file start_32.pdb (PDB, C-alpha atoms, pLDDT in the B column)
ATOM      1  CA  MET A   1       6.850  12.708  19.939  1.00 66.00           C
ATOM      2  CA  ALA A   2       6.280  13.000  16.189  1.00 84.00           C
ATOM      3  CA  MET A   3       6.980  10.093  13.859  1.00 90.00           C
ATOM      4  CA  THR A   4       9.619  10.445  11.179  1.00 91.00           C
ATOM      5  CA  LEU A   5       8.923   9.452   7.592  1.00 91.00           C
ATOM      6  CA  GLU A   6      11.294   6.509   8.068  1.00 94.00           C
ATOM      7  CA  GLN A   7       9.245   5.300  11.037  1.00 95.00           C
ATOM      8  CA  VAL A   8       6.101   5.613   8.933  1.00 96.00           C
ATOM      9  CA  ARG A   9       7.731   3.537   6.195  1.00 95.00           C
ATOM     10  CA  GLN A  10       8.683   0.838   8.691  1.00 96.00           C
ATOM     11  CA  VAL A  11       5.159   0.647  10.155  1.00 97.00           C
ATOM     12  CA  ILE A  12       3.589   0.343   6.689  1.00 97.00           C
ATOM     13  CA  ILE A  13       6.011  -2.370   5.593  1.00 97.00           C
ATOM     14  CA  THR A  14       5.454  -4.269   8.851  1.00 97.00           C
ATOM     15  CA  ARG A  15       1.701  -4.039   8.277  1.00 98.00           C
ATOM     16  CA  MET A  16       2.102  -5.375   4.722  1.00 98.00           C
ATOM     17  CA  LEU A  17       4.293  -8.200   6.019  1.00 97.00           C
ATOM     18  CA  SER A  18       1.414  -9.254   8.294  1.00 98.00           C
ATOM     19  CA  PHE A  19      -1.006  -9.520   5.348  1.00 98.00           C
ATOM     20  CA  THR A  20      -1.964 -13.157   4.711  1.00 97.00           C
ATOM     21  CA  GLY A  21      -4.147 -12.713   1.607  1.00 96.00           C
ATOM     22  CA  ILE A  22      -1.263 -13.496  -0.756  1.00 97.00           C
ATOM     23  CA  ASP A  23       2.026 -15.336  -0.372  1.00 96.00           C
ATOM     24  CA  GLN A  24       4.692 -12.864   0.781  1.00 96.00           C
ATOM     25  CA  ALA A  25       7.008 -14.117  -1.982  1.00 95.00           C
ATOM     26  CA  ARG A  26       4.515 -12.598  -4.466  1.00 96.00           C
ATOM     27  CA  ILE A  27       4.873  -9.074  -3.065  1.00 97.00           C
ATOM     28  CA  GLN A  28       7.542  -6.751  -4.423  1.00 97.00           C
ATOM     29  CA  TYR A  29       8.686  -4.466  -1.605  1.00 96.00           C
ATOM     30  CA  PRO A  30      10.508  -1.147  -2.069  1.00 92.00           C
ATOM     31  CA  ASN A  31      14.268  -1.648  -2.325  1.00 86.00           C
ATOM     32  CA  ALA A  32      13.938  -5.438  -2.259  1.00 83.00           C
ATOM     33  CA  PRO A  33      17.186  -6.963  -3.508  1.00 82.00           C
ATOM     34  CA  SER A  34      15.558  -9.135  -6.161  1.00 88.00           C
ATOM     35  CA  PHE A  35      12.061  -9.974  -7.253  1.00 92.00           C
ATOM     36  CA  LYS A  36      10.994 -12.269 -10.055  1.00 91.00           C
ATOM     37  CA  VAL A  37       7.569 -11.750 -11.532  1.00 90.00           C
ATOM     38  CA  PRO A  38       5.631 -15.026 -11.158  1.00 90.00           C
ATOM     39  CA  LYS A  39       4.760 -16.801 -14.392  1.00 89.00           C
ATOM     40  CA  ASP A  40       1.197 -17.352 -13.200  1.00 89.00           C
ATOM     41  CA  GLY A  41      -1.126 -16.215 -10.448  1.00 91.00           C
ATOM     42  CA  LEU A  42      -1.416 -12.890  -8.695  1.00 94.00           C
ATOM     43  CA  TRP A  43       1.394 -10.628  -7.533  1.00 95.00           C
ATOM     44  CA  CYS A  44       1.676  -7.150  -6.012  1.00 97.00           C
ATOM     45  CA  ARG A  45       4.038  -4.188  -5.790  1.00 97.00           C
ATOM     46  CA  LEU A  46       4.082  -1.931  -2.712  1.00 98.00           C
ATOM     47  CA  THR A  47       4.927   1.763  -3.009  1.00 97.00           C
ATOM     48  CA  ILE A  48       4.842   4.318  -0.200  1.00 97.00           C
ATOM     49  CA  ALA A  49       4.406   7.847  -1.514  1.00 95.00           C
ATOM     50  CA  GLY A  50       4.641  10.937   0.618  1.00 88.00           C
ATOM     51  CA  GLY A  51       2.283  13.833   0.107  1.00 89.00           C
ATOM     52  CA  SER A  52       1.756  17.371   1.225  1.00 90.00           C
ATOM     53  CA  SER A  53       1.781  18.614   4.784  1.00 89.00           C
ATOM     54  CA  PHE A  54      -0.539  21.027   6.530  1.00 85.00           C
ATOM     55  CA  ILE A  55      -0.721  22.941   9.785  1.00 87.00           C
ATOM     56  CA  SER A  56      -3.213  21.308  12.147  1.00 83.00           C
ATOM     57  CA  GLY A  57      -2.738  23.668  15.076  1.00 84.00           C
ATOM     58  CA  ILE A  58      -0.577  26.450  16.421  1.00 86.00           C
ATOM     59  CA  THR A  59       0.997  26.754  19.856  1.00 82.00           C
ATOM     60  CA  ASP A  60       4.535  28.020  20.317  1.00 83.00           C
ATOM     61  CA  LEU A  61       5.256  26.416  16.945  1.00 81.00           C
ATOM     62  CA  PRO A  62       2.940  25.129  14.225  1.00 82.00           C
ATOM     63  CA  CYS A  63       1.828  21.510  14.581  1.00 84.00           C
ATOM     64  CA  THR A  64       2.414  19.906  11.193  1.00 85.00           C
ATOM     65  CA  ARG A  65       0.683  16.821   9.829  1.00 90.00           C
ATOM     66  CA  ARG A  66       2.072  15.004   6.857  1.00 92.00           C
ATOM     67  CA  THR A  67       0.020  13.034   4.384  1.00 94.00           C
ATOM     68  CA  GLY A  68       0.774  10.354   1.874  1.00 95.00           C
ATOM     69  CA  SER A  69      -0.550   7.238   0.254  1.00 97.00           C
ATOM     70  CA  ILE A  70       0.140   3.561   0.296  1.00 98.00           C
ATOM     71  CA  MET A  71      -0.154   2.242  -3.235  1.00 98.00           C
ATOM     72  CA  ILE A  72      -0.354  -1.459  -3.932  1.00 98.00           C
ATOM     73  CA  GLN A  73      -0.388  -2.426  -7.579  1.00 97.00           C
ATOM     74  CA  CYS A  74      -2.001  -5.843  -8.071  1.00 96.00           C
ATOM     75  CA  PHE A  75      -1.417  -7.863 -11.218  1.00 95.00           C
ATOM     76  CA  ALA A  76      -2.947 -10.955 -12.843  1.00 93.00           C
ATOM     77  CA  ARG A  77      -2.586 -12.475 -16.296  1.00 88.00           C
ATOM     78  CA  PRO A  78      -5.549 -11.624 -18.542  1.00 84.00           C
ATOM     79  CA  HIS A  79      -8.415 -14.128 -18.425  1.00 82.00           C
ATOM     80  CA  THR A  80      -6.924 -15.993 -15.451  1.00 80.00           C
ATOM     81  CA  GLY A  81      -8.032 -14.355 -12.271  1.00 64.00           C
ATOM     82  CA  GLU A  82     -10.173 -11.264 -12.429  1.00 82.00           C
ATOM     83  CA  LYS A  83     -12.309 -12.597  -9.582  1.00 90.00           C
ATOM     84  CA  ASP A  84      -9.175 -13.388  -7.565  1.00 93.00           C
ATOM     85  CA  ILE A  85      -7.670  -9.929  -8.081  1.00 93.00           C
ATOM     86  CA  THR A  86     -10.955  -8.310  -7.009  1.00 93.00           C
ATOM     87  CA  VAL A  87     -11.050 -10.439  -3.837  1.00 95.00           C
ATOM     88  CA  LEU A  88      -7.407  -9.543  -3.183  1.00 96.00           C
ATOM     89  CA  SER A  89      -8.216  -5.840  -3.608  1.00 96.00           C
ATOM     90  CA  ASP A  90     -11.029  -6.067  -1.067  1.00 97.00           C
ATOM     91  CA  ALA A  91      -8.763  -7.873   1.393  1.00 98.00           C
ATOM     92  CA  LEU A  92      -5.989  -5.283   1.057  1.00 98.00           C
ATOM     93  CA  LEU A  93      -8.437  -2.426   1.610  1.00 98.00           C
ATOM     94  CA  GLY A  94      -9.788  -4.190   4.699  1.00 97.00           C
ATOM     95  CA  HIS A  95      -6.254  -4.735   6.000  1.00 98.00           C
ATOM     96  CA  PHE A  96      -5.136  -1.111   5.683  1.00 98.00           C
ATOM     97  CA  GLU A  97      -8.209   1.134   5.891  1.00 97.00           C
ATOM     98  CA  TYR A  98      -8.511   2.843   9.275  1.00 97.00           C
ATOM     99  CA  PHE A  99      -5.417   1.087  10.655  1.00 97.00           C
ATOM    100  CA  PHE A 100      -3.832   3.161  13.447  1.00 96.00           C
ATOM    101  CA  LYS A 101      -0.360   2.803  14.959  1.00 96.00           C
ATOM    102  CA  ASP A 102       1.390   5.414  17.102  1.00 93.00           C
ATOM    103  CA  HIS A 103       0.898   8.703  15.200  1.00 93.00           C
ATOM    104  CA  LEU A 104       0.111   7.047  11.847  1.00 96.00           C
ATOM    105  CA  GLN A 105      -3.524   6.894  10.827  1.00 96.00           C
ATOM    106  CA  CYS A 106      -4.572   5.160   7.629  1.00 97.00           C
ATOM    107  CA  LEU A 107      -7.682   6.696   6.134  1.00 96.00           C
ATOM    108  CA  GLN A 108     -10.047   5.784   3.314  1.00 96.00           C
ATOM    109  CA  GLY A 109      -8.882   3.734   0.361  1.00 97.00           C
ATOM    110  CA  GLN A 110      -9.852   2.998  -3.186  1.00 97.00           C
ATOM    111  CA  SER A 111      -9.447   0.262  -5.756  1.00 96.00           C
ATOM    112  CA  ILE A 112      -9.095   1.366  -9.361  1.00 96.00           C
ATOM    113  CA  TYR A 113      -9.048  -0.931 -12.358  1.00 94.00           C
ATOM    114  CA  ALA A 114      -6.083   0.288 -14.401  1.00 93.00           C
ATOM    115  CA  GLY A 115      -6.739  -1.961 -17.379  1.00 90.00           C
ATOM    116  CA  LYS A 116      -4.336  -4.148 -19.290  1.00 88.00           C
ATOM    117  CA  VAL A 117      -0.703  -3.219 -18.788  1.00 77.00           C
ATOM    118  CA  SER A 118       1.831  -5.236 -20.766  1.00 78.00           C
ATOM    119  CA  ASP A 119       0.990  -8.905 -20.084  1.00 86.00           C
ATOM    120  CA  PHE A 120      -1.193  -8.230 -17.046  1.00 91.00           C
ATOM    121  CA  ILE A 121      -4.449  -6.728 -15.891  1.00 93.00           C
ATOM    122  CA  GLN A 122      -3.815  -4.260 -13.098  1.00 95.00           C
ATOM    123  CA  TYR A 123      -5.722  -2.915 -10.125  1.00 96.00           C
ATOM    124  CA  ASN A 124      -4.278  -0.031  -8.103  1.00 97.00           C
ATOM    125  CA  ILE A 125      -5.126   0.008  -4.419  1.00 98.00           C
ATOM    126  CA  SER A 126      -4.525   3.370  -2.722  1.00 98.00           C
ATOM    127  CA  ILE A 127      -4.895   4.019   0.982  1.00 98.00           C
ATOM    128  CA  PHE A 128      -4.355   7.565   2.173  1.00 97.00           C
ATOM    129  CA  TYR A 129      -2.647   8.290   5.474  1.00 97.00           C
ATOM    130  CA  SER A 130      -1.932  11.121   7.868  1.00 96.00           C
ATOM    131  CA  VAL A 131       0.858  11.217  10.432  1.00 94.00           C
ATOM    132  CA  ASN A 132       1.438  13.347  13.522  1.00 88.00           C
TER
END

call {"tool": "encode", "arguments": {"input": "start_32.pdb", "output": "structure tokens"}}
result
Amino acid sequence: MAMTLEQVRQVIITRMLSFTGIDQARIQYPNAPSFKVPKDGLWCRLTIAGGSSFISGITDLPCTRRTGSIMIQCFARPHTGEKDITVLSDALLGHFEYFFKDHLQCLQGQSIYAGKVSDFIQYNISIFYSVN
């Protein structure tokens, strides 16, 4: 049976909750009731973004696969942890790339240095996924 987008969201959040490379209190989850940006050290923001769908086969009805991306924005204060944020990026990619659960398959990922944003340097980790 096909997974719903809500089931996909739950699997991704559960996977992020199992990540031990950063204290869970330093991760901002979607729809979290409150989150305070730490005054020092690293922190992250998780976003789950849906994408396009495509037909992967045809029987009586088309078999549809949906795509999307897991985006984790990682932040550090300038001149305080560029090595640490790079290590964190590697760990997040290793945690999500090629992860498979039920009909969800995480695919290749990427880490992009986004530069200085406000009072932080930012790396964007993106992992693409396909479901059903």

call {"tool": "resolve_selection", "arguments": {"input": "start_32.pdb", "expression": "the PyMOL selection byres ((chain A and resi 50-56) around 7)", "output": "VMD selection string"}}
result
chain A and resid 48 to 49 57 62 to 69

call {"tool": "closest_residue", "arguments": {"input": "start_32.pdb", "among": "A:Tyr113, A:Phe120, A:Tyr129, A:Phe75", "to": "A:Lys101", "atoms": "all atoms listed in the file"}}
result
A:Tyr129

call {"tool": "closest_atom_pairs", "arguments": {"input": "start_32.pdb", "of": "stretch 47-98 of chain A", "to": "stretch 26-31 of chain A", "cutoff": "10 Å", "atoms": "only C-alpha atoms", "output": "JSON lines"}}
result
{"residue": "A:Thr47", "atom": "CA", "partner": "A:Pro30", "partner_atom": "CA", "distance": 6.4}
{"residue": "A:Ile48", "atom": "CA", "partner": "A:Pro30", "partner_atom": "CA", "distance": 8.1}
{"residue": "A:Ile72", "atom": "CA", "partner": "A:Ile27", "partner_atom": "CA", "distance": 9.3}
{"residue": "A:Gln73", "atom": "CA", "partner": "A:Gln28", "partner_atom": "CA", "distance": 9.6}
{"residue": "A:Cys74", "atom": "CA", "partner": "A:Ile27", "partner_atom": "CA", "distance": 9.1}

call {"tool": "closest_residue", "arguments": {"input": "start_32.pdb", "among": "A:Ile112, A:Val117, A:Asp60, A:Leu104", "to": "A:Gln10", "atoms": "all atoms listed in the file"}}
result
A:Leu104

call {"tool": "residues_near_point", "arguments": {"input": "start_32.pdb", "point": "(-5.4, -4.5, 5.7)", "cutoff": "10 Å", "atoms": "all atoms listed in the file", "output": "list in words"}}
result
Arg15, Met16, Ser18, Phe19, Thr20, Gly21, Ser89, Asp90, Ala91, Leu92, Leu93, Gly94, His95, Phe96, Glu97, Tyr98, Phe99, Cys106 and Ile127 of chain A

call {"tool": "atom_distance", "arguments": {"input": "start_32.pdb", "atom1": "atom CA of A:Asp119", "atom2": "atom CA of A:His79"}}
result
10.9 Å

call {"tool": "atom_distance", "arguments": {"input": "start_32.pdb", "atom1": "atom CA of A:Ile125", "atom2": "atom CA of A:Gln110"}}
result
5.7 Å

call {"tool": "atom_distance", "arguments": {"input": "start_32.pdb", "atom1": "atom CA of A:Leu88", "atom2": "atom CA of A:Val131"}}
result
26.2 Å
